[in-house]
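Trainee: Have a look at the structure that comes next, please.
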Amino acid sequence: MRKVILIDRFIRIKVKNYSLLVIFLIISCLQVNAMQNPNGGSKKKYKVVLDAGHGGKDPGTRGKNLKEKDVVLPVTLLVGKYLETLTDNIEVIYTRKNDEYSHPKVRAIMANDAEADLFVSIHANAMNPGYESVSGTEVFVMGTKNEGRNFEVAKRENSVILLEDNYEEIYQGFDPNAPEVDIMFSIQQEAYQENSIILASNIDEQFKKRAGRKSRGVKQSSLWVLWSTYMPSVLVELGYLTNPKEEKDLGNPEVQDYLASAVFRAIRDYFEYLESTGN
């Protein structure tokens with residue numbers, strides 16, 4: 001706007017050298033355009049960390065025939081493939097691309113060191129014997145609403161920490177089974193809560209509309225891997241391996257593709273929303 005005012009004032013001055021006026025106008029317009037498009041018109045680049053939960057010595061939950069680590073990996077790789085081939089402004093970083101184990105702290109460090117814009121951790125759920133009928137997708141964001149079922153999910157996902165011989169040192173005395181961790185969690189993730197919920201809601205809607213899955217909604221829980229990432233983060237539960245029908249679905253490559261497509265679309269729409277709102 002300041003440049004436009006200067007141009008207007010210049011035009012009002014009676015000048016004899018019109019060639020200088022033309023040069024001035026061209027330079028001014030180029031400067032205004034550069035100010036409005038600091039990246040030369042190119043899209044902003046984003047980094048997304050995709051975390052296939054568990055792996056290696058940590059199988060995760062189990063169904064009758066499937067292990068969580070084996071279900072979530074192909075879905076995660078498909079999400080990454082869609083992001084890499086169908087967008088031109090998203091870089092994908094994987095915490096694992098095969099059946100290998102790395103503890104949650106390493107995964108969080110990878111995301112933080114990369115200064116990622118999103119962290120998406122993909123998992124499959126389970127229930128205790130007697131609740132085999134429970135089914136549906138869930139998407140978790142960091143929070144302290146750990147009543148009932150949410151607290152059970154938090155304890156199970158956090159329990160991988162106990163696989164470390166020196167977990168008390170690695171995780172600075174953190175006890176994944178202690179309810180009092182809620183206060184610590186809530187303070188750490190508050191800054192990213194709003195955007196995490198936006199992404200989680202996108203994923204939940206896509207699961208219902210794109211993948212045709214039963215939704216159990218967006219929830220909050222004290223999950224260590226979300227707490228320790230310094231960016232908007234979500235943990236996705238694709239379904240229940242303890243439900244025979246859902247286990248069969250989750251082992252079906254076509255269903256895996258629909259689920260991956262849903263997560264991809266949600267991430268893509270999230271960044272489009274940020275750009276449209278100037279965030």
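Identifiers in the structure tokens: chain A, B, ... in order shown; residue index from 1 per chain; ligand index from 1 in order shown.
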Using only C-alpha atoms, which residues sit within 9 Å of Lys248 (chain A) once same-chain residues fewer than 6 positions away are excluded, as a ChimeraX atom specification?
Mentor: /A:65-66,241
Trainee: May I have the residues from that selection written out with N, CA and C atoms, as a PDB file, in the first residue's frame?
Mentor:
ATOM      1  N   ASN A  65      -5.792 -63.320  14.569  1.00  0.00           N
ATOM      2  CA  ASN A  65      -4.828 -63.638  13.515  1.00  0.00           C
ATOM      3  C   ASN A  65      -3.799 -62.539  13.246  1.00  0.00           C
ATOM      4  N   LEU A  66      -4.118 -61.320  13.641  1.00  0.00           N
ATOM      5  CA  LEU A  66      -3.279 -60.187  13.264  1.00  0.00           C
ATOM      6  C   LEU A  66      -2.648 -59.501  14.465  1.00  0.00           C
ATOM      7  N   LEU A 241      -8.897 -54.843  16.747  1.00  0.00           N
ATOM      8  CA  LEU A 241      -8.473 -56.176  16.327  1.00  0.00           C
ATOM      9  C   LEU A 241      -9.166 -57.274  17.128  1.00  0.00           C
TER      10      LEU A 241
END
Trainee: Taking a cut-off of 8 Å and counting only C-alpha atoms, can you build a table that, for each residue of region 66-148 of chain A near region 252-269 of chain A, reports the nearest atom pair and how far apart they are in Å (one decimal), sorted by chain then residue number, as JSON lines?
Mentor:
{"residue": "A:Pro74", "atom": "CA", "partner": "A:Gln256", "partner_atom": "CA", "distance": 7.5}
{"residue": "A:Val75", "atom": "CA", "partner": "A:Ala260", "partner_atom": "CA", "distance": 5.3}
{"residue": "A:Thr76", "atom": "CA", "partner": "A:Ala260", "partner_atom": "CA", "distance": 6.9}
{"residue": "A:Leu78", "atom": "CA", "partner": "A:Ala260", "partner_atom": "CA", "distance": 5.8}
{"residue": "A:Val79", "atom": "CA", "partner": "A:Ala260", "partner_atom": "CA", "distance": 4.9}
{"residue": "A:Gly80", "atom": "CA", "partner": "A:Phe264", "partner_atom": "CA", "distance": 7.8}
{"residue": "A:Tyr82", "atom": "CA", "partner": "A:Phe264", "partner_atom": "CA", "distance": 6.4}
{"residue": "A:Leu83", "atom": "CA", "partner": "A:Phe264", "partner_atom": "CA", "distance": 6.3}
{"residue": "A:Thr87", "atom": "CA", "partner": "A:Arg268", "partner_atom": "CA", "distance": 7.9}
Trainee: Nearest residue to Leu118 (chain A) out of A:Ala52, A:Val218, A:Leu199, A:Leu238, using only C-alpha atoms?
Mentor: A:Leu199
Trainee: Apply DSSP to the structure's backbone, then extract all residues of region 50-165 of chain A labelled strand (DSSP E) and return them as a PyMOL selection string.
Mentor: chain A and resi 50-52+90-94+118-125+137-142
Trainee: Could you name the residues that touch Val49 (chain A) at 8 Å or less, counting only C-alpha atoms, but leaving out those on the same chain fewer than 4 positions away, as a tab-separated table (two decimals) with all heavy atoms, in the first residue's frame?
Mentor:
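Okay, this is what ended up in out-v5.tsv:
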chain	number	residue	atom	x	y	z
A	92	VAL	N	7.28	-36.00	3.56
A	92	VAL	CA	6.89	-37.04	4.50
A	92	VAL	C	8.14	-37.62	5.17
A	92	VAL	O	9.13	-37.94	4.52
A	92	VAL	CB	6.12	-38.17	3.80
A	92	VAL	CG1	5.76	-39.27	4.80
A	92	VAL	CG2	4.86	-37.62	3.14
A	93	ILE	N	8.07	-37.74	6.49
A	93	ILE	CA	9.12	-38.37	7.28
A	93	ILE	C	8.50	-39.55	8.01
A	93	ILE	O	7.48	-39.39	8.69
A	93	ILE	CB	9.73	-37.37	8.29
A	93	ILE	CG1	10.32	-36.17	7.54
A	93	ILE	CG2	10.79	-38.06	9.16
A	93	ILE	CD1	10.66	-35.01	8.44
A	94	TYR	N	9.09	-40.75	7.87
A	94	TYR	CA	8.57	-41.94	8.50
A	94	TYR	C	9.39	-42.29	9.74
A	94	TYR	O	10.62	-42.25	9.70
A	94	TYR	CB	8.62	-43.14	7.54
A	94	TYR	CG	7.86	-42.95	6.24
A	94	TYR	CD1	8.48	-42.39	5.13
A	94	TYR	CD2	6.53	-43.35	6.13
A	94	TYR	CE1	7.79	-42.23	3.93
A	94	TYR	CE2	5.84	-43.20	4.94
A	94	TYR	CZ	6.47	-42.64	3.84
A	94	TYR	OH	5.79	-42.48	2.67
A	95	THR	N	8.71	-42.68	10.82
A	95	THR	CA	9.46	-43.15	11.99
A	95	THR	C	9.91	-44.59	11.79
A	95	THR	O	10.87	-45.03	12.41
A	95	THR	CB	8.62	-43.06	13.27
A	95	THR	OG1	7.45	-43.88	13.14
A	95	THR	CG2	8.21	-41.62	13.55
A	111	ALA	N	10.60	-36.16	15.12
A	111	ALA	CA	9.65	-35.13	14.72
A	111	ALA	C	10.12	-33.74	15.14
A	111	ALA	O	10.04	-32.78	14.36
A	111	ALA	CB	8.28	-35.43	15.31
A	116	ALA	N	8.87	-30.56	12.33
A	116	ALA	CA	7.71	-30.96	11.54
A	116	ALA	C	6.49	-30.09	11.86
A	116	ALA	O	6.39	-29.49	12.93
A	116	ALA	CB	7.38	-32.42	11.80
A	118	LEU	N	3.33	-31.48	11.46
A	118	LEU	CA	2.32	-32.41	11.98
A	118	LEU	C	2.98	-33.71	12.38
A	118	LEU	O	3.96	-34.14	11.77
A	118	LEU	CB	1.25	-32.73	10.92
A	118	LEU	CG	0.12	-31.76	10.65
A	118	LEU	CD1	-0.82	-32.36	9.60
A	118	LEU	CD2	-0.63	-31.40	11.90
A	119	PHE	N	2.40	-34.34	13.40
A	119	PHE	CA	2.81	-35.69	13.81
A	119	PHE	C	1.55	-36.55	13.85
A	119	PHE	O	0.59	-36.23	14.57
A	119	PHE	CB	3.48	-35.65	15.18
A	119	PHE	CG	3.92	-37.00	15.68
A	119	PHE	CD1	5.14	-37.54	15.30
A	119	PHE	CD2	3.12	-37.74	16.54
A	119	PHE	CE1	5.56	-38.78	15.75
A	119	PHE	CE2	3.53	-38.99	17.01
A	119	PHE	CZ	4.76	-39.50	16.61
A	120	VAL	N	1.54	-37.63	13.07
A	120	VAL	CA	0.37	-38.51	12.99
A	120	VAL	C	0.82	-39.92	13.33
A	120	VAL	O	1.60	-40.54	12.58
A	120	VAL	CB	-0.27	-38.47	11.60
A	120	VAL	CG1	-1.49	-39.39	11.55
A	120	VAL	CG2	-0.68	-37.05	11.23
Trainee: Which is closest to Thr242 (chain A) among A:Pro129, A:Gly217, A:Gly136, A:Gly278, if we use only C-alpha atoms?
Mentor: A:Pro129
Trainee: I need the residue nearest Tyr101 (chain A) from this list: A:Gly55, A:Gly251, A:Gly130, A:Pro232. Use only C-alpha atoms for the distance.
Mentor: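 Answer, going by the shortest atom-to-atom distance: A:Gly55.
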Trainee: Using only C-alpha atoms, find the one residue out of A:Val71, A:Val236, A:Met142, A:Leu77 that sits nearest to Asn202 (chain A).
Mentor: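 For Asn202 (chain A), the nearest of the candidates is A:Val236.
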Trainee: Skip Asp99 (chain A) itself and residues of its chain fewer than 4 positions away, then list as a ChimeraX atom specification all residues within 8 Å of it, counting only C-alpha atoms.
Mentor: /A:55-56,69-70
Trainee: What is the CA of Lys219 (chain A) to CA of Glu84 (chain A) distance in Å?
Mentor: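 Taking CA of Lys219 (chain A) as the start and CA of Glu84 (chain A) as the end point, the length is 28.5 Å.
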Trainee: Measure the distance from CA of Glu275 (chain A) to CA of Asn195 (chain A) in Å and round it to one decimal.
Mentor: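 It comes out at 13.1 Å.
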